[in-house]
Structures are given as C-alpha cells and as structure tokens.
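> Take this structure first; my questions come after.
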Amino acid sequence: MKQLFFILFFTVLFPQLLSGQMETLYDSIPEVTIIGRRRTSPMQEITVEPLAWKTSISYITQEDNRKMAAHHLCDVLKYSVNGVACTQGRRKKHYYLLRGQNVASDYAVNGVSLSTNGAGPMAEWVEAPSLLPESVIESVEIVRSGNSLLLGFSGLNGVINVKTKTFDQATTQAEAEYGSFNSLHAGLLHGGKFKNIHYVFSLFNDRTDGPEGRHSYENLWNFYGKIGYRYKEKLELNLESSYVYGTRFVTQAVFDSLASPQSQLADLWEYDPMRYSISTARIKYNASRHASTELQLSYILNRLDLYPDRYHFTSTGKVIELSDSIVRNRILSEPDSIFTAAVFQAFSPVEQNVARVGVMFASSANYAHGKSKKKILSATVLDQHTFGRTDVHLGVKFIREYYDYYVPYQGFGEETNAVFNEWQPTLFNISAGVSFPVNNRYILNCVVNSGALPADQTALQQTADTDGKTITAGLKRENRTGVELGIKQYLSDTGHLTWTLFLLNQKNTSEYTRTPYYDRNNVLRYYMKNLDLRTAGVELDFRSPLWINLFSASGNISYKYVYRAEPSGRTRYDKQPPLIANASFSFVKKRTEIHLMVKYVSSYRSDRFLKEEIDMGNYGNVDMHLIRYIPALHAELYAVVNNLFDVRYATVSPIYPDFGRQIRIGTRCRF
C-alpha cells in the first residue's frame, strides 16, 4: 500500500505541486540547437558522394524552384552556383558550364549517369534532361568540381544530378501560364501510391512565337512517366522516361561582330519534328544491412528532322525568307542514340567502413553533331571510413574510349580520314578527402582530385601549312589536379554559410577560338588550342533563417583568378568571368509572396563565332515573382517578370541571344 501511495504521489501529485517552479525553470534554460552532419548511407543511395564532398556540392530544393517560377531544369540552374546556364539555338540548345569551363557538365537522373558529353570534349550534343519539367523535380545536386567517381562518365567537368518526385498519396497538380511573345506554358501532373507501387505521370506543352522577325518559333510537348516498386527492405525497382515532341526554330542572331554574317545570319535551321527521349531504369537489391547491389540502365534517342531554310541577308540588316533549301518530303533524318549500363556493389567489411565498386559502360551513335560511333568503359573503386568523428575517403577511376567510327574535325571532316576500331589511351583519376566536425557549428572538409580528360587525337585542332592547305593535328590530353578546402558554418541567428577555397591546375586544357595563332613551334593554328591554366578561387553560399517571420534570403558568390602559364612567365586569362554572384530575397506574409532573384556575371572576352575577341559579360539579371494564394481553390495566382531591367540579356556568345525582358502571368493548383 505504501508503494502504491508513493507511485501515485510522484506520477500525479508531485508534478502538479511543482508545476509553477518547473515552468520557471524551463523558461530559464536557453534553447539548445543540436546539429549533425547529414549522412546518407551508401547502402541506401549507392552513388552518394562522400562527406568530404558536401561543401563542393550545391543543393537546389523544390522550394527554390517554386520561388524562381522555373519551367524546366535549365531554368532551375539559373541562380544556383558558380556557373552559367547557356542557351544555344542549334542542335543542343541548353547546357551548363561550371566554373568557366569550355566543356559542359555531365548529367545524372536519380544517380543514373547519362553519357551526354562523353568523357571529355567530344560532346554527344544532346539536350540531356534540360527539358525535364520542374514539376517532377524534387531537388538538384550540382557537383561543382571533379573528380566525381560515381557520377558522370568523367566527373571532371562537374555533374548535375536530378532527383525526381515520389508521392505517397494521390496528388494532382495543374498549371497554366501566358506571357510575352505569345508564349504559353500549360501542364498536368498526377502522382500517388498503390500498395507497394508509386507512380508519377505528367504532360506539358510549351510554345512561343519568340521576338518578331527572329525565327524563334517553338512548340514542344513533354510527356513524363515514372513507376517504382518496393518489396520490403530487400528490392527496389524504378523506371522513368521523358519524351519531347515538337518543333524548334533556330533563333537568328542580332550582332555586328559575327565571323561570317552573310551565312550566320542567313542560314537558319528548323527542327520539325523534334523527337527526343530519355529513359532510365534502376534495380537495387539489399542483400543485408552490410551489402547492396544496384543495376542502372539508360537510353537516349535524339531524332531531329532538319530543314535548313535559306534566307537573304540585306545590307540594312533585314532578313527576307526566300524559300526552303530542300523539298519537304526529303527529310534529313539524324538519329542519335546513347545506351548506358552500370553495376555498383556496396559492402561494409567492418563497422564504420563502406567500400563501393562500380563498372560503367556507354555506347553512342552520333549523327546530329558529325558522325561517330564510340564506346566508353569506366571502372571505379571507392572506400569510405569513419574514425570517430572524422570521415575519410580514397578512390580511383579508370576510363577508356573505343572508336568504332569517328570522322575528324568533330565529325565534320573528310570521311576518308575517319578512324576505325581504335582504342584510346587509358585514363586514371583519383579522389581523396577528409571531413571533420570541429564542433556543433563548424564542419571542415578537404578534397584532393587528379585526373585526365580524353582528347580527340584526330582533328579538334586545325593547322594551316605554308601552302595554305589545311591539315589537322590532335590536341594533347588534358590533365587536372585540384584541391578544395570547405568550411560549413551553422549559425542559428544568421543562417548557414559554406565557404569553399579551390585551387586548380589544368595542363593542356583546350580553348575554342576563331583567331589564328602561332604555337610554340611557330606553326599557324586555329579553331582549338592547348594551353596551361592555373586557377585560385573562393565560393560562398548563404541561406538565412526566417527573419521576423516575414523575410528570408539566400545567395552565392564566387571569385576566381585565372592565369595562363607560359615559358616566358604568366599572363592573366580573361576568357572566363572572374566574378559570378546570385541572390534571392523573399517576403512572405499570410497569402502573399514576393520573390526577387538577382544574377551578375563580370566581364570576360571571347572570339567564339566572332571575327575577333570582344568584351562579354558584365551583365546583371533581375527576375521578380509575385504570388497570391487562394485557399478555397487550392490555387496560386502569380506574375513573373524576367530580365526586369535588360531587353538585351544573353547568357552566351551573341550568336545565340536570349529573348530579353518577358512578362508572364499564370495559375497553379494542387489537389
């Protein structure tokens, strides 16, 4: 009986007697925030980067996408990091350059690497997933530097890994938008889950007339589907596909310094129809909590029916359409196909250690950008171990290419000089790093990378001999060594800060140029050339908390100093923008939101597609997004102004200009 009384007293009566004192005590205890490193087990996500890479990766969330009013992946990347999202009008319209490189980044979808740029400068020239609708994108990881051992077929140019949405309950989204240049964006998405099966389907249409008289018409349909199956904790199967069908014209350039204005302004192309698809498959088997296996497959089909229309360029700059250059029933069919397969095995031989082994294979047939058929074979070994609070990794990657058939000069040379059945040299890449949490607020990461990019040994470099006859000579293979030191700060009142210091040594990197030059042997060359570059840079990424329950901000800024190493000394290299800054400011109150996005790219010089080197960059871009939420309709009404202060805005050489200022209004619903 006494035991029962004491139990009743301490469980019921005693807390009531001390409640006032306890409330006072709770009020006097300061709030404590416990912060740990975000760890994703390689057993759960087999291609996840080691912890030391975290400060070298930029993360774009679904909320970031909504603030930008993005339509596709190419819009999502606009304000993300030290990079420039380039818009070109020909075979490959969208691609992304990180840290000023000449070679576009690799792509992956949910960890499945796509061979969109080959393993080096021999680009496949396909759109990759740049036209993937934003509505199906959960998040994006941008690996800003190499050497990624598990993503990309080289990983040295950076990798954009897109993660798509999965719905646990039935969800329907609809959106419609109208804007400048008679532009229309509309689509419908539905996703959900039935027992062990989850699914997502969407259909979107984007069309625009573009600026008047600029040959800018586009009308593209995009169908996306995803089905996943999960059996307990043992087996996962995911299938997804994106298919684009429609018409695309090549926007005509408006510029005074074109290398060949008569042809570049007058010879305009039209893809009608354009048929493009990406399909991926992932099968993962978890044998135990100490071992897992994943099989990955992807297939890209890029089929463009090309009509090169002929126009007349007058002395006043007016362009008059004369006629089609070919008869409509004589379609030029240019199918590109790329198949990839990969097998990854992760196992934990001892506690706190995970080893991963991977083999990747790609086979491509490329006709839209020259003529080539080749294969890529890659093998990776990566070991990651945790010693107390310190995490270290060491890994190697081997890459080798095989040319079944390759025409020199990026596929546009003489077919009599084609290369048949030839193995290229084996490339060796390495990555090592350490991650150490100094305390609950600071994490220190250090990564050392080294690797090589394959070079076109046949024709990326042209040489003019003394008789004026053009001959060809291959580029040297590029070798890179990089060091990155990153500090991630968690400051509850200020926000999250990530500092990254990077050093990069590029030996024999390639540069596009139309300006003839003399090499060290006094031989006249043009189109591409080798040069040695040294880069030192710093990047800062910032995300604020919510201030006074109304305001928030995020942004990133990067500055790099690049110089060219020569026998006589060194000179500053001015063909990359040294400063790139992005910022986002948000105001949210009840049902109203205002989002402002700002981008600045500093001056640099270029002669690509131009008669001579000219000043580029030094532009600022401002986008504004206004949202009004209507709860009764589960809907948002919104208005967007792109390029608020600049009708001339372009993201790359003026041969491929953007549309400038645009105004859009629309609505989004979710049920």
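Labels used: A, B, ... for chains in the order of the structure tokens, numbers from 1 for residues in each chain, and numbers from 1 for ligands as shown.
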Considering only C-alpha atoms, return as a PyMOL selection string whatever protein or nucleic-acid residues lie within 10 Å of segment 381-392 of chain A, sequence-local ones (same chain, fewer than 6 positions apart) excluded.

chain A and resi 37+42+49-52+149-150+344-348+350-359+398+430-439+444-447

> Please provide as number ranges by chain all residues within 12 Å of Thr494 of chain A, with the sequence filter that same-chain residues fewer than 6 positions apart are discarded (counting only C-alpha atoms).

A: 542-547, 552-554

> Write down as number ranges by chain the residues of segment 128-212 of chain A whose backbone DSSP state falls under strand (DSSP E).

A: 137-143, 159-164, 171-179, 183-194, 197-208

> May I have the residues from that selection written out with N, CA and C atoms, as a compact mmCIF listing (two decimals), in the first residue's frame?


```txt
# COMPACT_ATOMS: atom_id res chain seq x y z
N ILE A 137 10.58 17.63 -60.54
CA ILE A 137 11.90 17.68 -59.92
C ILE A 137 11.76 17.89 -58.41
N GLU A 138 12.30 16.99 -57.64
CA GLU A 138 12.29 17.11 -56.18
C GLU A 138 13.44 17.99 -55.71
N SER A 139 14.64 17.76 -56.26
CA SER A 139 15.81 18.54 -55.89
C SER A 139 16.89 18.32 -56.94
N VAL A 140 17.92 19.15 -56.89
CA VAL A 140 19.05 19.05 -57.81
C VAL A 140 20.33 19.18 -57.01
N GLU A 141 21.26 18.28 -57.27
CA GLU A 141 22.59 18.35 -56.68
C GLU A 141 23.59 18.71 -57.77
N ILE A 142 24.36 19.77 -57.54
CA ILE A 142 25.35 20.20 -58.52
C ILE A 142 26.74 19.98 -57.93
N VAL A 143 27.43 19.00 -58.44
CA VAL A 143 28.82 18.75 -58.03
C VAL A 143 29.67 19.74 -58.82
N VAL A 159 29.01 17.59 -62.25
CA VAL A 159 27.87 16.71 -62.54
C VAL A 159 26.60 17.33 -61.97
N ILE A 160 25.54 17.33 -62.76
CA ILE A 160 24.22 17.79 -62.32
C ILE A 160 23.36 16.54 -62.14
N ASN A 161 23.03 16.23 -60.88
CA ASN A 161 22.25 15.05 -60.55
C ASN A 161 20.83 15.49 -60.18
N VAL A 162 19.86 15.10 -61.00
CA VAL A 162 18.47 15.49 -60.82
C VAL A 162 17.73 14.39 -60.08
N LYS A 163 17.04 14.77 -59.00
CA LYS A 163 16.24 13.81 -58.26
C LYS A 163 14.76 14.13 -58.49
N THR A 164 14.02 13.13 -58.94
CA THR A 164 12.62 13.35 -59.30
C THR A 164 11.69 12.99 -58.13
N THR A 171 -1.98 12.80 -55.62
CA THR A 171 -1.78 14.25 -55.76
C THR A 171 -1.94 14.64 -57.23
N THR A 172 -2.68 15.72 -57.45
CA THR A 172 -2.85 16.24 -58.81
C THR A 172 -2.45 17.70 -58.84
N GLN A 173 -1.62 18.08 -59.80
CA GLN A 173 -1.20 19.46 -59.98
C GLN A 173 -1.51 19.91 -61.40
N ALA A 174 -1.97 21.14 -61.52
CA ALA A 174 -2.24 21.72 -62.84
C ALA A 174 -1.70 23.14 -62.86
N GLU A 175 -1.21 23.57 -64.02
CA GLU A 175 -0.71 24.93 -64.15
C GLU A 175 -0.91 25.42 -65.57
N ALA A 176 -1.13 26.73 -65.69
CA ALA A 176 -1.31 27.37 -66.99
C ALA A 176 -0.74 28.77 -66.92
N GLU A 177 -0.10 29.19 -68.01
CA GLU A 177 0.60 30.49 -68.00
C GLU A 177 0.64 31.07 -69.40
N TYR A 178 0.52 32.39 -69.46
CA TYR A 178 0.62 33.10 -70.74
C TYR A 178 1.55 34.29 -70.56
N GLY A 179 2.35 34.57 -71.62
CA GLY A 179 3.31 35.66 -71.47
C GLY A 179 3.73 36.28 -72.77
N SER A 183 3.60 33.50 -75.69
CA SER A 183 4.13 32.28 -75.10
C SER A 183 3.09 31.62 -74.21
N LEU A 184 3.03 30.31 -74.27
CA LEU A 184 2.07 29.54 -73.48
C LEU A 184 2.79 28.39 -72.81
N HIS A 185 2.50 28.21 -71.52
CA HIS A 185 3.00 27.07 -70.76
C HIS A 185 1.83 26.47 -70.01
N ALA A 186 1.56 25.18 -70.20
CA ALA A 186 0.43 24.54 -69.54
C ALA A 186 0.75 23.07 -69.33
N GLY A 187 0.23 22.52 -68.22
CA GLY A 187 0.50 21.12 -67.98
C GLY A 187 -0.29 20.56 -66.82
N LEU A 188 -0.25 19.23 -66.73
CA LEU A 188 -0.98 18.50 -65.71
C LEU A 188 -0.10 17.37 -65.20
N LEU A 189 -0.10 17.18 -63.88
CA LEU A 189 0.69 16.11 -63.25
C LEU A 189 -0.18 15.36 -62.26
N HIS A 190 -0.02 14.06 -62.23
CA HIS A 190 -0.70 13.25 -61.22
C HIS A 190 0.26 12.18 -60.71
N GLY A 191 0.31 12.03 -59.40
CA GLY A 191 1.16 11.03 -58.79
C GLY A 191 0.50 10.44 -57.56
N GLY A 192 0.98 9.29 -57.15
CA GLY A 192 0.41 8.66 -55.97
C GLY A 192 1.08 7.34 -55.68
N LYS A 193 0.41 6.56 -54.84
CA LYS A 193 0.95 5.27 -54.41
C LYS A 193 -0.18 4.28 -54.26
N PHE A 194 0.04 3.06 -54.77
CA PHE A 194 -0.92 1.97 -54.63
C PHE A 194 -0.17 0.76 -54.11
N ILE A 197 3.52 0.17 -54.99
CA ILE A 197 3.84 0.81 -56.26
C ILE A 197 3.57 2.31 -56.16
N HIS A 198 4.55 3.12 -56.51
CA HIS A 198 4.34 4.56 -56.61
C HIS A 198 4.49 4.98 -58.06
N TYR A 199 3.82 6.05 -58.45
CA TYR A 199 3.78 6.44 -59.85
C TYR A 199 3.66 7.95 -59.98
N VAL A 200 4.14 8.47 -61.12
CA VAL A 200 4.01 9.88 -61.47
C VAL A 200 3.84 9.96 -62.98
N PHE A 201 2.88 10.75 -63.45
CA PHE A 201 2.70 11.00 -64.88
C PHE A 201 2.42 12.48 -65.08
N SER A 202 2.98 13.03 -66.14
CA SER A 202 2.73 14.45 -66.43
C SER A 202 2.75 14.69 -67.93
N LEU A 203 2.04 15.74 -68.34
CA LEU A 203 2.01 16.18 -69.73
C LEU A 203 2.07 17.69 -69.75
N PHE A 204 3.06 18.26 -70.45
CA PHE A 204 3.24 19.71 -70.52
C PHE A 204 3.45 20.14 -71.96
N ASN A 205 3.00 21.37 -72.23
CA ASN A 205 3.22 21.98 -73.54
C ASN A 205 3.81 23.37 -73.35
N ASP A 206 4.86 23.67 -74.12
CA ASP A 206 5.49 24.99 -74.12
C ASP A 206 5.58 25.47 -75.56
N ARG A 207 5.05 26.65 -75.80
CA ARG A 207 5.13 27.20 -77.16
C ARG A 207 5.39 28.70 -77.08
N THR A 208 6.03 29.23 -78.10
CA THR A 208 6.27 30.67 -78.19
C THR A 208 6.53 31.05 -79.63
```

> By how many Å are atom CA of Glu294 of chain A and atom CA of Ala128 of chain A apart?

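Taking atom CA of Glu294 of chain A and atom CA of Ala128 of chain A, their separation equals 22.3 Å.
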
> List the neighbours of segment 589-595 of chain A out to 10 Å using only C-alpha atoms; skip same-chain residues closer than 4 positions along the sequence, and give me the result as number ranges by chain.

A: 66-69, 549-553, 584-585, 623-631, 636-640

> Extract, using only C-alpha atoms, all DNA, RNA and protein residues at most 6 Å from Gly451 of chain A, discarding same-chain residues fewer than 6 positions from it, and format them as an MDAnalysis selection string.

chainID A and resid 428:429 479:480

> Residues at most 8 Å from Ser364 of chain A, counting only C-alpha atoms, excluding those fewer than 6 positions away in the same chain, as a PyMOL selection string?

chain A and resi 336-339+372-375

> Now that the selection is made, can you save its residues with C-alpha atoms as a tab-separated table (two decimals), in the first residue's frame?


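Writing the result to selection_29.tsv gives the following:
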```tsv
chain	number	residue	atom	x	y	z
A	336	ASP	CA	21.38	9.94	-82.16
A	337	SER	CA	21.25	7.08	-79.69
A	338	ILE	CA	23.11	6.57	-76.43
A	339	PHE	CA	22.90	3.47	-74.26
A	372	SER	CA	30.79	8.96	-84.78
A	373	LYS	CA	30.17	5.67	-83.05
A	374	LYS	CA	32.09	5.01	-79.88
A	375	LYS	CA	32.10	3.24	-76.56
```

> Apply DSSP to the backbone of this structure and, from segment 80-295 of chain A, keep only the residues in helix (DSSP H, G or I); write these as a ChimeraX atom specification.

/A:128-131,134-136,180-182,261-266

> How would the residues just chosen look if you wrote them out with C-alpha atoms as a PDB file, in the first residue's frame?


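And here is the file that came out, result_5.pdb:
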```pdb
ATOM      1  CA  ALA A 128      20.145  15.695 -71.729  1.00  0.00           C
ATOM      2  CA  PRO A 129      17.412  16.249 -69.127  1.00  0.00           C
ATOM      3  CA  SER A 130      17.463  20.055 -69.504  1.00  0.00           C
ATOM      4  CA  LEU A 131      13.829  19.998 -70.705  1.00  0.00           C
ATOM      5  CA  GLU A 134      10.217  21.469 -62.984  1.00  0.00           C
ATOM      6  CA  SER A 135       7.013  19.958 -61.581  1.00  0.00           C
ATOM      7  CA  VAL A 136       8.614  16.499 -61.481  1.00  0.00           C
ATOM      8  CA  SER A 180       5.305  37.837 -73.834  1.00  0.00           C
ATOM      9  CA  PHE A 181       5.827  36.800 -77.459  1.00  0.00           C
ATOM     10  CA  ASN A 182       2.537  34.877 -77.383  1.00  0.00           C
ATOM     11  CA  PRO A 261      27.461  37.446 -91.081  1.00  0.00           C
ATOM     12  CA  GLN A 262      26.259  36.528 -94.550  1.00  0.00           C
ATOM     13  CA  SER A 263      25.974  32.854 -93.655  1.00  0.00           C
ATOM     14  CA  GLN A 264      25.452  33.023 -89.895  1.00  0.00           C
ATOM     15  CA  LEU A 265      22.515  35.405 -90.149  1.00  0.00           C
ATOM     16  CA  ALA A 266      21.008  33.965 -93.298  1.00  0.00           C
TER      17      ALA A 266
END
```

> Looking at A:Leu377, A:Leu504, A:Arg441, A:Ala632, which one is nearest to Ile487 of chain A, with distances taken over only C-alpha atoms?

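Once distances to Ile487 of chain A are computed over only C-alpha atoms, the minimum belongs to A:Arg441.
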
> Counting only C-alpha atoms, figure out which residue out of A:Asp168, A:Glu240, A:Asp574, A:Asp64 gets nearest to Glu613 of chain A.

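Residue with the minimum atom-to-atom distance to Glu613 of chain A: A:Asp574.
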
> Hey, can you check how far atom CA of Val244 of chain A sits from atom CA of Thr280 of chain A?

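So the answer is 15.2 Å.
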
> Residues at most 12 Å from Arg661 of chain A, counting only C-alpha atoms, excluding those fewer than 3 positions away in the same chain, as a list of chain:residue names?

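With the cut-off at 12 Å, the set is A:Gly179, A:Ser180, A:Phe181, A:Gly210, A:Pro211, A:Asn621, A:Val622, A:Asp623, A:Met624, A:Val640, A:Val641, A:Asn642, A:Asn643, A:Leu644, A:Phe645, A:Asp646, A:Val647, A:Arg648, A:Tyr649, A:Ala650, A:Asp658, A:Arg664.
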
> Include N, CA and C atoms and write out the residues we just selected as a compact mmCIF listing (two decimals), in the first residue's frame.


```
# COMPACT_ATOMS: atom_id res chain seq x y z
N GLY A 179 2.35 34.57 -71.62
CA GLY A 179 3.31 35.66 -71.47
C GLY A 179 3.73 36.28 -72.77
N SER A 180 4.78 37.09 -72.69
CA SER A 180 5.30 37.84 -73.83
C SER A 180 5.60 36.91 -75.01
N PHE A 181 5.56 37.49 -76.20
CA PHE A 181 5.83 36.80 -77.46
C PHE A 181 4.82 35.68 -77.71
N GLY A 210 8.30 33.82 -80.06
CA GLY A 210 9.58 34.50 -79.95
C GLY A 210 9.50 35.91 -80.48
N PRO A 211 10.60 36.67 -80.35
CA PRO A 211 10.62 38.04 -80.87
C PRO A 211 10.30 38.08 -82.36
N ASN A 621 21.11 40.50 -64.14
CA ASN A 621 19.80 39.98 -64.49
C ASN A 621 18.94 39.99 -63.24
N VAL A 622 17.71 40.49 -63.34
CA VAL A 622 16.79 40.55 -62.22
C VAL A 622 15.47 39.94 -62.64
N ASP A 623 14.99 38.97 -61.85
CA ASP A 623 13.67 38.38 -62.06
C ASP A 623 12.82 38.64 -60.82
N MET A 624 11.53 38.88 -61.03
CA MET A 624 10.60 39.11 -59.92
C MET A 624 9.40 38.18 -60.06
N VAL A 640 5.21 36.98 -63.22
CA VAL A 640 6.67 36.90 -63.28
C VAL A 640 7.17 37.90 -64.30
N VAL A 641 8.24 38.59 -63.94
CA VAL A 641 8.95 39.44 -64.88
C VAL A 641 10.38 38.94 -64.95
N ASN A 642 10.79 38.47 -66.12
CA ASN A 642 12.16 38.02 -66.33
C ASN A 642 12.98 39.13 -66.97
N ASN A 643 14.25 39.22 -66.58
CA ASN A 643 15.15 40.23 -67.14
C ASN A 643 14.54 41.62 -66.99
N LEU A 644 14.24 41.98 -65.77
CA LEU A 644 13.45 43.16 -65.46
C LEU A 644 14.03 44.44 -66.07
N PHE A 645 15.35 44.58 -66.05
CA PHE A 645 15.97 45.84 -66.48
C PHE A 645 16.78 45.72 -67.76
N ASP A 646 16.65 44.60 -68.49
CA ASP A 646 17.54 44.41 -69.63
C ASP A 646 16.83 43.65 -70.74
N VAL A 647 16.59 44.32 -71.86
CA VAL A 647 16.00 43.63 -73.01
C VAL A 647 17.07 42.94 -73.85
N ARG A 648 18.34 43.16 -73.54
CA ARG A 648 19.43 42.61 -74.35
C ARG A 648 20.01 41.34 -73.74
N TYR A 649 19.45 40.88 -72.64
CA TYR A 649 20.08 39.84 -71.84
C TYR A 649 20.38 38.59 -72.66
N ALA A 650 21.62 38.11 -72.58
CA ALA A 650 22.02 36.86 -73.22
C ALA A 650 23.00 36.16 -72.30
N ASP A 658 19.36 35.42 -76.05
CA ASP A 658 18.12 35.09 -75.36
C ASP A 658 17.06 36.10 -75.79
N ARG A 664 5.08 37.27 -67.58
CA ARG A 664 4.23 36.08 -67.61
C ARG A 664 3.23 36.14 -66.46
```

> What does the structure give for the distance between atom CA of Leu491 of chain A and atom CA of Ile443 of chain A, in Å to one decimal?

12.0 Å
